[in-house]
Amino acid sequence: MERDIFQTDITPEEFDTIEESHTFSRSYNKRKEAELIRFKKEAHSKSRMRLAGICTAAAALIFAVPIGVNAATDGELFRRLWGTSGKPKVESHEYTWNDEKGEHTVVLPEQEYEDMAPEKAESLIGENLSTEPISAVMGGDTTIEILSAVRDDRCAVVEYTLSKEGGVDCLVYSQINNELKGASISEDISFSYRFAEGGGKIFVDLEKSTADKLYCYDYITLHDGFRQNSETVAEKIASNSSVDKPDKLTLVIDEYIGNRSEFINKDIAYEDLLKNSRSIDIPLKEKAGSVFFTDSKNTGAIVSPISMDFDSILACEEALEMKDLRDFYESDPDEFLRYLNGDTMVYTWLVKISFKDGSEYIVRDNTSPSKSHIAEPEKNNTQYICNNTMIFNRLVDVDNIESITINNHVLTRKE
């Protein structure tokens with residue numbers, strides 16, 4: 001039976017059961033290793049040519065900051081995290097899977113990525129990106145290496161690799177996982193890893209990865225970025241101004257007394273399963289700045305180059321057409337908005353960013369008249385969504401934004 005992904009009888013947890021693994025052939029692995037060696041040589045060659053004639057002190061300064069790293073790879077650093085590198089366009093298509101409840105079919109939305117000129121990308125986010133490599137061994141044979149990280153008030157983006165001789169087996173990943181909720185930690189290992197400050201979606205770069213080394217991009221919504229109950233974006237901005245954000249993320253590695261599969265769905269206290277737990281600090285640079293866009297009622301959205309958060313009330317017209325919800329709202333607006341926060345995207349059928357040069361970024365679109373607005377979008381150009389926070393799948397030039405459209409509301413920059 002054909003069903004939309006946001007129908008109430010399909011829960012997000014059902015997608016966590018997808019176990020479609022990705023297997024690389026031996027010839028593929030050899031070819032990819034050769035391509036990676038070639039890429040490193042080309043990047044190094046370009047770097048040497050660009051730095052020719054520059055004094056030693058200046059050259060050292062260039063390689064000490066993210067702008068130099070990105071330029072040395074001809075923009076490859078930012079294309080991996082927010083562009084088309086390893087992220088081919090995905091056309092809308094059906095996906096079918098089976099579980100104990102039977103067969104399910106959903107229509108997955110179109111996803112399209114877009115590169116930004118390296119110089120512009122560097123000016124937007126270069127000073128905020130930490131590129132200090134940090135590595136650790138997990139489970140005795142798997143190495144995680146953090147390559148870069150950045151955050152704003154709401155989210156963080158982390159680039160890292162996972163390496164293991166004989167094949168990385170700590171993640172369940174595939175193209176479908178990338179389109180849905182991302183890769184998940186395998187149940188057939190005796191350890192796990194996470195970032196203590198939040199959670200999100202792990203995207204595995206299938207183009208660049210080999211069996212022995214995975215390139216992963218983690219798009220994380222942060223606990224300290226969530227608005228509480230009916231707190232508006234404007235109120236959150238005010239509260240953020242008096243709170244210092246941490247200058248680090250925390251990588252937590254937990255090792256267990258056995259494989260995780262042995263304890264799934266069993267009533268065992270978590271602390272009784274742990275053999276060892278380690279925390280490793282991932283230093284961050286200054287967080288990326290955000291800008292407030294609003295309407296005449298001071299309802300609005302806050303936007304940075306990497307994410308956006310908006311007030312639930314902007315998307316609730318569809319909900320208020322339902323009598324029970326309208327009565328709920330009229331009797332207790334604050335409680336209604338708290339209730340709605342978790343389901344805002346169900347009622348959000350259009351999110352569009354219009355730029356001053358006439359171009360547009362369709363973040364989310366379900367405006368086809370042949371479909372109900374309350375459904376999975378036909379286009380979903382985000383990397384991850386949690387509550388009202390949307391992590392973009394491309395960099396956004398905030399200063400070039402003319403307006404933001406959320407359903408029928410048009411927001412402009414608050415000066």
# chains A, B, ... in the order shown; residues from 1 in each chain; ligands from 1
call {"tool": "select_by_dssp", "arguments": {"residues": "region 97-248 of chain A", "states": "helix (DSSP H, G or I)", "output": "MDAnalysis selection string"}}
result
chainID A and resid 118:128 175:179 223:225 233:240
call {"tool": "write_last_selection", "arguments": {"atoms": "N, CA and C atoms", "output": "tab-separated table (two decimals), in the first residue's frame"}}
result
chain	number	residue	atom	x	y	z
A	118	PRO	N	34.44	28.90	-4.08
A	118	PRO	CA	35.31	28.72	-2.91
A	118	PRO	C	35.58	30.00	-2.14
A	119	GLU	N	35.81	31.09	-2.84
A	119	GLU	CA	36.12	32.35	-2.15
A	119	GLU	C	34.93	32.83	-1.32
A	120	LYS	N	33.72	32.67	-1.88
A	120	LYS	CA	32.53	33.09	-1.15
A	120	LYS	C	32.29	32.18	0.04
A	121	ALA	N	32.45	30.88	-0.16
A	121	ALA	CA	32.26	29.94	0.94
A	121	ALA	C	33.22	30.24	2.09
A	122	GLU	N	34.46	30.53	1.74
A	122	GLU	CA	35.45	30.85	2.76
A	122	GLU	C	35.07	32.10	3.55
A	123	SER	N	34.52	33.10	2.87
A	123	SER	CA	34.14	34.33	3.56
A	123	SER	C	32.96	34.12	4.50
A	124	LEU	N	32.12	33.14	4.20
A	124	LEU	CA	30.94	32.88	5.03
A	124	LEU	C	31.25	32.07	6.28
A	125	ILE	N	32.10	31.06	6.15
A	125	ILE	CA	32.24	30.08	7.22
A	125	ILE	C	33.70	29.75	7.55
A	126	GLY	N	34.63	30.23	6.75
A	126	GLY	CA	36.03	29.85	6.92
A	126	GLY	C	36.58	30.13	8.31
A	127	GLU	N	36.28	31.29	8.86
A	127	GLU	CA	36.82	31.64	10.17
A	127	GLU	C	36.19	30.86	11.31
A	128	ASN	N	35.08	30.18	11.03
A	128	ASN	CA	34.37	29.44	12.08
A	128	ASN	C	34.68	27.95	12.07
A	175	GLN	N	22.97	4.12	0.40
A	175	GLN	CA	22.37	5.30	-0.23
A	175	GLN	C	21.01	5.60	0.40
A	176	ILE	N	20.22	4.58	0.66
A	176	ILE	CA	18.90	4.79	1.28
A	176	ILE	C	19.05	5.38	2.68
A	177	ASN	N	20.01	4.89	3.44
A	177	ASN	CA	20.25	5.49	4.76
A	177	ASN	C	20.58	6.97	4.62
A	178	ASN	N	21.40	7.32	3.63
A	178	ASN	CA	21.74	8.72	3.41
A	178	ASN	C	20.50	9.55	3.09
A	179	GLU	N	19.55	8.98	2.37
A	179	GLU	CA	18.34	9.72	2.02
A	179	GLU	C	17.37	9.83	3.18
A	223	HIS	N	21.56	20.31	21.90
A	223	HIS	CA	20.60	20.42	23.01
A	223	HIS	C	20.44	21.86	23.46
A	224	ASP	N	21.53	22.63	23.51
A	224	ASP	CA	21.42	24.00	24.00
A	224	ASP	C	20.84	24.95	22.96
A	225	GLY	N	20.56	24.42	21.76
A	225	GLY	CA	19.95	25.26	20.72
A	225	GLY	C	18.45	25.16	20.67
A	233	VAL	N	11.37	32.45	18.66
A	233	VAL	CA	12.72	32.66	18.16
A	233	VAL	C	13.30	33.94	18.74
A	234	ALA	N	12.50	35.01	18.79
A	234	ALA	CA	12.98	36.28	19.32
A	234	ALA	C	13.41	36.14	20.78
A	235	GLU	N	12.63	35.40	21.56
A	235	GLU	CA	12.98	35.18	22.97
A	235	GLU	C	14.24	34.34	23.10
A	236	LYS	N	14.41	33.36	22.20
A	236	LYS	CA	15.61	32.54	22.23
A	236	LYS	C	16.84	33.36	21.89
A	237	ILE	N	16.70	34.27	20.94
A	237	ILE	CA	17.81	35.15	20.59
A	237	ILE	C	18.23	35.97	21.79
A	238	ALA	N	17.24	36.50	22.51
A	238	ALA	CA	17.54	37.31	23.69
A	238	ALA	C	18.23	36.49	24.77
A	239	SER	N	17.79	35.25	24.98
A	239	SER	CA	18.41	34.41	26.00
A	239	SER	C	19.81	33.99	25.59
A	240	ASN	N	20.03	33.78	24.28
A	240	ASN	CA	21.36	33.39	23.81
A	240	ASN	C	22.38	34.48	24.01
call {"tool": "closest_atom_pairs", "arguments": {"of": "region 166-221 of chain A", "to": "region 137-150 of chain A", "cutoff": "10 Å", "atoms": "only C-alpha atoms", "output": "Markdown table"}}
result
| residue | atom | partner | partner_atom | distance |
| --- | --- | --- | --- | --- |
| A:Gly166 | CA | A:Asp141 | CA | 9.9 |
| A:Gly167 | CA | A:Thr142 | CA | 9.4 |
| A:Val168 | CA | A:Thr142 | CA | 7.3 |
| A:Asp169 | CA | A:Thr142 | CA | 8.7 |
| A:Cys170 | CA | A:Thr142 | CA | 8.1 |
| A:Ile189 | CA | A:Gly139 | CA | 8.1 |
| A:Ser190 | CA | A:Gly139 | CA | 6.7 |
| A:Phe191 | CA | A:Gly139 | CA | 5.9 |
| A:Ser192 | CA | A:Met138 | CA | 8.1 |
| A:Tyr193 | CA | A:Met138 | CA | 8.4 |
| A:Asp212 | CA | A:Thr142 | CA | 9.7 |
| A:Lys213 | CA | A:Thr143 | CA | 9.3 |
| A:Leu214 | CA | A:Ile144 | CA | 9.6 |
| A:Tyr215 | CA | A:Glu145 | CA | 9.8 |
| A:Cys216 | CA | A:Ile146 | CA | 9.6 |
| A:Tyr217 | CA | A:Ser148 | CA | 9.5 |
| A:Asp218 | CA | A:Ala149 | CA | 9.4 |
call {"tool": "write_last_selection", "arguments": {"atoms": "C-alpha atoms", "output": "PDB file, in the first residue's frame"}}
result
ATOM      1  CA  GLY A 166      39.808  -5.524   6.783  1.00  0.00           C
ATOM      2  CA  GLY A 167      36.708  -3.335   6.565  1.00  0.00           C
ATOM      3  CA  VAL A 168      34.838  -0.818   8.721  1.00  0.00           C
ATOM      4  CA  ASP A 169      31.926  -2.614  10.367  1.00  0.00           C
ATOM      5  CA  CYS A 170      30.759  -0.199  13.062  1.00  0.00           C
ATOM      6  CA  ILE A 189      29.985  -4.475  17.766  1.00  0.00           C
ATOM      7  CA  SER A 190      30.951  -3.922  21.412  1.00  0.00           C
ATOM      8  CA  PHE A 191      31.291  -0.119  21.328  1.00  0.00           C
ATOM      9  CA  SER A 192      29.515   3.033  20.204  1.00  0.00           C
ATOM     10  CA  TYR A 193      30.361   6.701  19.752  1.00  0.00           C
ATOM     11  CA  ASP A 212      38.629   0.176   4.982  1.00  0.00           C
ATOM     12  CA  LYS A 213      37.943   3.909   5.357  1.00  0.00           C
ATOM     13  CA  LEU A 214      34.618   5.742   5.540  1.00  0.00           C
ATOM     14  CA  TYR A 215      34.252   9.492   5.098  1.00  0.00           C
ATOM     15  CA  CYS A 216      31.395  10.670   7.324  1.00  0.00           C
ATOM     16  CA  TYR A 217      29.620  14.006   7.767  1.00  0.00           C
ATOM     17  CA  ASP A 218      27.563  14.349  10.950  1.00  0.00           C
TER      18      ASP A 218
END
call {"tool": "closest_residue", "arguments": {"among": "A:Lys379, A:Tyr160, A:Ile385, A:Leu395", "to": "Ser92 (chain A)", "atoms": "only C-alpha atoms"}}
result
A:Lys379
call {"tool": "select_by_dssp", "arguments": {"residues": "region 152-199 of chain A", "states": "strand (DSSP E or B)", "output": "PyMOL selection string"}}
result
chain A and resi 155-163+171-172+183-185+191-195+198-199
call {"tool": "closest_residue", "arguments": {"among": "A:Phe310, A:Leu81, A:Asp327, A:Asp188", "to": "Ile202 (chain A)", "atoms": "only C-alpha atoms"}}
result
A:Leu81
call {"tool": "residues_around", "arguments": {"residues": "Pro109 (chain A)", "least_positions_apart": "6", "cutoff": "8 Å", "atoms": "only C-alpha atoms", "output": "MDAnalysis selection string"}}
result
chainID A and resid 90:93 376:380
call {"tool": "closest_residue", "arguments": {"among": "A:Glu335, A:Asp357, A:Asp152, A:Asp295", "to": "His409 (chain A)", "atoms": "only C-alpha atoms"}}
result
A:Asp295
call {"tool": "closest_residue", "arguments": {"among": "A:Pro333, A:Pro133, A:Gly102, A:Gly182", "to": "Glu231 (chain A)", "atoms": "only C-alpha atoms"}}
result
A:Pro333
call {"tool": "closest_residue", "arguments": {"among": "A:Ser130, A:Asp115, A:Val410, A:Glu165", "to": "Trp82 (chain A)", "atoms": "only C-alpha atoms"}}
result
A:Asp115
call {"tool": "residues_around", "arguments": {"residues": "Leu274 (chain A)", "least_positions_apart": "2", "cutoff": "8 Å", "atoms": "only C-alpha atoms", "output": "mmCIF file with N, CA and C atoms, in the first residue's frame"}}
result
data_model
loop_
_atom_site.group_PDB
_atom_site.id
_atom_site.type_symbol
_atom_site.label_atom_id
_atom_site.label_comp_id
_atom_site.auth_asym_id
_atom_site.auth_seq_id
_atom_site.Cartn_x
_atom_site.Cartn_y
_atom_site.Cartn_z
ATOM 1 N N ASP A 254 31.861 4.776 24.137
ATOM 2 C CA ASP A 254 31.450 3.795 25.142
ATOM 3 C C ASP A 254 31.818 2.393 24.677
ATOM 4 N N GLU A 255 32.433 1.627 25.537
ATOM 5 C CA GLU A 255 32.760 0.229 25.250
ATOM 6 C C GLU A 255 31.991 -0.648 26.233
ATOM 7 N N TYR A 256 31.408 -1.762 25.719
ATOM 8 C CA TYR A 256 30.492 -2.585 26.500
ATOM 9 C C TYR A 256 31.095 -3.946 26.818
ATOM 10 N N ILE A 257 30.409 -4.666 27.685
ATOM 11 C CA ILE A 257 30.893 -5.979 28.114
ATOM 12 C C ILE A 257 30.657 -7.052 27.049
ATOM 13 N N TYR A 270 21.969 0.637 32.016
ATOM 14 C CA TYR A 270 23.033 1.027 31.093
ATOM 15 C C TYR A 270 24.402 0.940 31.752
ATOM 16 N N GLU A 271 24.484 1.384 33.001
ATOM 17 C CA GLU A 271 25.785 1.378 33.668
ATOM 18 C C GLU A 271 26.321 -0.037 33.873
ATOM 19 N N ASP A 272 25.423 -1.025 33.893
ATOM 20 C CA ASP A 272 25.865 -2.415 34.042
ATOM 21 C C ASP A 272 26.446 -2.983 32.752
ATOM 22 N N ASN A 276 33.844 0.568 29.708
ATOM 23 C CA ASN A 276 34.686 1.761 29.734
ATOM 24 C C ASN A 276 33.984 2.882 28.970
ATOM 25 N N SER A 277 34.174 4.107 29.409
ATOM 26 C CA SER A 277 33.625 5.273 28.695
ATOM 27 C C SER A 277 34.664 6.378 28.709
#
call {"tool": "residues_around", "arguments": {"residues": "Arg394 (chain A)", "least_positions_apart": "5", "cutoff": "12 Å", "atoms": "only C-alpha atoms", "output": "mmCIF file with C-alpha atoms, in the first residue's frame"}}
result
data_model
loop_
_atom_site.group_PDB
_atom_site.id
_atom_site.type_symbol
_atom_site.label_atom_id
_atom_site.label_comp_id
_atom_site.auth_asym_id
_atom_site.auth_seq_id
_atom_site.Cartn_x
_atom_site.Cartn_y
_atom_site.Cartn_z
ATOM 1 C CA PHE A 78 33.395 22.916 1.684
ATOM 2 C CA ARG A 79 32.026 20.919 -1.249
ATOM 3 C CA ARG A 80 32.214 17.770 0.874
ATOM 4 C CA LEU A 81 30.274 19.275 3.778
ATOM 5 C CA TRP A 82 27.789 21.545 1.968
ATOM 6 C CA GLY A 83 28.121 20.912 -1.752
ATOM 7 C CA THR A 84 27.932 18.266 -4.447
ATOM 8 C CA SER A 85 31.046 16.240 -3.600
ATOM 9 C CA LYS A 87 26.185 13.909 -2.969
ATOM 10 C CA GLN A 111 17.176 16.218 -3.058
ATOM 11 C CA GLU A 112 19.543 18.517 -4.900
ATOM 12 C CA TYR A 113 22.870 19.917 -3.766
ATOM 13 C CA GLU A 114 24.643 23.060 -4.890
ATOM 14 C CA ASP A 115 28.227 24.293 -4.720
ATOM 15 C CA MET A 116 29.288 27.797 -3.780
ATOM 16 C CA ALA A 117 32.332 29.566 -5.180
ATOM 17 C CA ALA A 121 32.261 29.940 0.943
ATOM 18 C CA LEU A 124 30.938 32.884 5.031
ATOM 19 C CA ILE A 125 32.243 30.083 7.218
ATOM 20 C CA VAL A 157 28.556 19.930 11.433
ATOM 21 C CA SER A 304 22.946 31.322 9.708
ATOM 22 C CA PRO A 305 24.978 30.079 6.732
ATOM 23 C CA ILE A 306 24.358 26.469 7.863
ATOM 24 C CA SER A 307 20.888 26.302 9.478
ATOM 25 C CA TYR A 361 16.809 28.164 -2.496
ATOM 26 C CA ILE A 362 13.827 25.821 -2.164
ATOM 27 C CA VAL A 363 14.485 24.300 1.244
ATOM 28 C CA ASN A 381 16.883 20.197 0.378
ATOM 29 C CA THR A 382 18.030 19.831 3.965
ATOM 30 C CA GLN A 383 20.615 17.585 5.549
ATOM 31 C CA TYR A 384 18.661 17.093 8.761
#
call {"tool": "atom_distance", "arguments": {"atom1": "CA of Asn393 (chain A)", "atom2": "CA of Tyr173 (chain A)"}}
result
18.9 Å
call {"tool": "closest_residue", "arguments": {"among": "A:Cys155, A:Leu77, A:Leu108, A:Leu206", "to": "Thr131 (chain A)", "atoms": "only C-alpha atoms"}}
result
A:Leu77
call {"tool": "atom_distance", "arguments": {"atom1": "CA of Met390 (chain A)", "atom2": "CA of Ser279 (chain A)"}}
result
27.6 Å
call {"tool": "atom_distance", "arguments": {"atom1": "CA of Leu251 (chain A)", "atom2": "CA of Arg194 (chain A)"}}
result
5.9 Å
call {"tool": "decode", "arguments": {"residues": "region 167-202 of chain A", "atoms": "N, CA and C atoms", "output": "PDB file, in the first residue's frame"}}
result
ATOM      1  N   GLY A 167      38.057  -3.816   6.808  1.00  0.00           N
ATOM      2  CA  GLY A 167      36.708  -3.335   6.565  1.00  0.00           C
ATOM      3  C   GLY A 167      36.052  -2.715   7.788  1.00  0.00           C
ATOM      4  N   VAL A 168      35.550  -1.502   7.634  1.00  0.00           N
ATOM      5  CA  VAL A 168      34.838  -0.818   8.721  1.00  0.00           C
ATOM      6  C   VAL A 168      33.474  -1.480   8.901  1.00  0.00           C
ATOM      7  N   ASP A 169      33.183  -1.911  10.119  1.00  0.00           N
ATOM      8  CA  ASP A 169      31.926  -2.614  10.367  1.00  0.00           C
ATOM      9  C   ASP A 169      31.109  -2.009  11.510  1.00  0.00           C
ATOM     10  N   CYS A 170      31.460  -0.796  11.925  1.00  0.00           N
ATOM     11  CA  CYS A 170      30.759  -0.199  13.062  1.00  0.00           C
ATOM     12  C   CYS A 170      29.519   0.594  12.651  1.00  0.00           C
ATOM     13  N   LEU A 171      29.321   0.825  11.344  1.00  0.00           N
ATOM     14  CA  LEU A 171      28.159   1.561  10.867  1.00  0.00           C
ATOM     15  C   LEU A 171      27.331   0.712   9.915  1.00  0.00           C
ATOM     16  N   VAL A 172      26.012   0.908   9.963  1.00  0.00           N
ATOM     17  CA  VAL A 172      25.102   0.390   8.940  1.00  0.00           C
ATOM     18  C   VAL A 172      24.786   1.572   8.035  1.00  0.00           C
ATOM     19  N   TYR A 173      25.145   1.474   6.762  1.00  0.00           N
ATOM     20  CA  TYR A 173      25.029   2.632   5.875  1.00  0.00           C
ATOM     21  C   TYR A 173      24.725   2.191   4.453  1.00  0.00           C
ATOM     22  N   SER A 174      24.127   3.072   3.680  1.00  0.00           N
ATOM     23  CA  SER A 174      23.796   2.827   2.280  1.00  0.00           C
ATOM     24  C   SER A 174      23.265   4.130   1.695  1.00  0.00           C
ATOM     25  N   GLN A 175      22.972   4.124   0.403  1.00  0.00           N
ATOM     26  CA  GLN A 175      22.370   5.299  -0.227  1.00  0.00           C
ATOM     27  C   GLN A 175      21.009   5.605   0.400  1.00  0.00           C
ATOM     28  N   ILE A 176      20.215   4.576   0.664  1.00  0.00           N
ATOM     29  CA  ILE A 176      18.901   4.791   1.278  1.00  0.00           C
ATOM     30  C   ILE A 176      19.046   5.383   2.676  1.00  0.00           C
ATOM     31  N   ASN A 177      20.007   4.890   3.444  1.00  0.00           N
ATOM     32  CA  ASN A 177      20.253   5.486   4.757  1.00  0.00           C
ATOM     33  C   ASN A 177      20.579   6.969   4.620  1.00  0.00           C
ATOM     34  N   ASN A 178      21.396   7.315   3.625  1.00  0.00           N
ATOM     35  CA  ASN A 178      21.738   8.721   3.406  1.00  0.00           C
ATOM     36  C   ASN A 178      20.496   9.555   3.094  1.00  0.00           C
ATOM     37  N   GLU A 179      19.550   8.980   2.370  1.00  0.00           N
ATOM     38  CA  GLU A 179      18.337   9.715   2.017  1.00  0.00           C
ATOM     39  C   GLU A 179      17.369   9.828   3.182  1.00  0.00           C
ATOM     40  N   LEU A 180      17.419   8.864   4.102  1.00  0.00           N
ATOM     41  CA  LEU A 180      16.483   8.858   5.220  1.00  0.00           C
ATOM     42  C   LEU A 180      17.146   9.450   6.462  1.00  0.00           C
ATOM     43  N   LYS A 181      17.333   8.648   7.491  1.00  0.00           N
ATOM     44  CA  LYS A 181      17.811   9.170   8.769  1.00  0.00           C
ATOM     45  C   LYS A 181      19.312   9.037   8.962  1.00  0.00           C
ATOM     46  N   GLY A 182      20.025   8.596   7.944  1.00  0.00           N
ATOM     47  CA  GLY A 182      21.465   8.497   8.052  1.00  0.00           C
ATOM     48  C   GLY A 182      21.933   7.143   8.535  1.00  0.00           C
ATOM     49  N   ALA A 183      23.240   6.972   8.588  1.00  0.00           N
ATOM     50  CA  ALA A 183      23.832   5.725   9.048  1.00  0.00           C
ATOM     51  C   ALA A 183      23.569   5.536  10.536  1.00  0.00           C
ATOM     52  N   SER A 184      23.606   4.281  10.983  1.00  0.00           N
ATOM     53  CA  SER A 184      23.390   3.976  12.396  1.00  0.00           C
ATOM     54  C   SER A 184      24.505   3.082  12.907  1.00  0.00           C
ATOM     55  N   ILE A 185      24.715   3.115  14.218  1.00  0.00           N
ATOM     56  CA  ILE A 185      25.732   2.270  14.829  1.00  0.00           C
ATOM     57  C   ILE A 185      25.293   0.807  14.750  1.00  0.00           C
ATOM     58  N   SER A 186      26.179  -0.051  14.303  1.00  0.00           N
ATOM     59  CA  SER A 186      25.861  -1.470  14.170  1.00  0.00           C
ATOM     60  C   SER A 186      25.602  -2.095  15.543  1.00  0.00           C
ATOM     61  N   GLU A 187      24.710  -3.053  15.576  1.00  0.00           N
ATOM     62  CA  GLU A 187      24.438  -3.789  16.809  1.00  0.00           C
ATOM     63  C   GLU A 187      25.435  -4.924  17.020  1.00  0.00           C
ATOM     64  N   ASP A 188      26.248  -5.207  16.000  1.00  0.00           N
ATOM     65  CA  ASP A 188      27.153  -6.358  16.064  1.00  0.00           C
ATOM     66  C   ASP A 188      28.563  -5.973  16.501  1.00  0.00           C
ATOM     67  N   ILE A 189      28.689  -4.897  17.251  1.00  0.00           N
ATOM     68  CA  ILE A 189      29.985  -4.475  17.766  1.00  0.00           C
ATOM     69  C   ILE A 189      29.844  -4.207  19.262  1.00  0.00           C
ATOM     70  N   SER A 190      30.964  -4.073  19.948  1.00  0.00           N
ATOM     71  CA  SER A 190      30.951  -3.922  21.412  1.00  0.00           C
ATOM     72  C   SER A 190      31.254  -2.497  21.849  1.00  0.00           C
ATOM     73  N   PHE A 191      31.050  -1.517  20.955  1.00  0.00           N
ATOM     74  CA  PHE A 191      31.291  -0.119  21.328  1.00  0.00           C
ATOM     75  C   PHE A 191      30.343   0.777  20.545  1.00  0.00           C
ATOM     76  N   SER A 192      30.274   2.032  20.951  1.00  0.00           N
ATOM     77  CA  SER A 192      29.515   3.033  20.204  1.00  0.00           C
ATOM     78  C   SER A 192      30.184   4.384  20.415  1.00  0.00           C
ATOM     79  N   TYR A 193      29.831   5.351  19.594  1.00  0.00           N
ATOM     80  CA  TYR A 193      30.361   6.701  19.752  1.00  0.00           C
ATOM     81  C   TYR A 193      29.250   7.697  19.486  1.00  0.00           C
ATOM     82  N   ARG A 194      29.388   8.883  20.044  1.00  0.00           N
ATOM     83  CA  ARG A 194      28.376   9.927  19.893  1.00  0.00           C
ATOM     84  C   ARG A 194      28.981  11.257  20.298  1.00  0.00           C
ATOM     85  N   PHE A 195      28.266  12.328  19.977  1.00  0.00           N
ATOM     86  CA  PHE A 195      28.644  13.654  20.441  1.00  0.00           C
ATOM     87  C   PHE A 195      27.676  14.042  21.550  1.00  0.00           C
ATOM     88  N   ALA A 196      28.223  14.342  22.722  1.00  0.00           N
ATOM     89  CA  ALA A 196      27.394  14.521  23.913  1.00  0.00           C
ATOM     90  C   ALA A 196      26.439  15.693  23.797  1.00  0.00           C
ATOM     91  N   GLU A 197      26.774  16.689  22.988  1.00  0.00           N
ATOM     92  CA  GLU A 197      25.974  17.912  22.953  1.00  0.00           C
ATOM     93  C   GLU A 197      24.715  17.802  22.109  1.00  0.00           C
ATOM     94  N   GLY A 198      24.530  16.726  21.362  1.00  0.00           N
ATOM     95  CA  GLY A 198      23.338  16.608  20.531  1.00  0.00           C
ATOM     96  C   GLY A 198      23.368  15.363  19.674  1.00  0.00           C
ATOM     97  N   GLY A 199      22.467  15.293  18.714  1.00  0.00           N
ATOM     98  CA  GLY A 199      22.402  14.146  17.820  1.00  0.00           C
ATOM     99  C   GLY A 199      21.803  14.561  16.496  1.00  0.00           C
ATOM    100  N   GLY A 200      21.944  13.697  15.497  1.00  0.00           N
ATOM    101  CA  GLY A 200      21.415  14.057  14.191  1.00  0.00           C
ATOM    102  C   GLY A 200      21.552  12.959  13.169  1.00  0.00           C
ATOM    103  N   LYS A 201      22.185  13.274  12.054  1.00  0.00           N
ATOM    104  CA  LYS A 201      22.242  12.369  10.920  1.00  0.00           C
ATOM    105  C   LYS A 201      23.671  12.202  10.448  1.00  0.00           C
ATOM    106  N   ILE A 202      24.092  10.936  10.301  1.00  0.00           N
ATOM    107  CA  ILE A 202      25.418  10.629   9.766  1.00  0.00           C
ATOM    108  C   ILE A 202      25.276  10.327   8.284  1.00  0.00           C
TER     109      ILE A 202
END
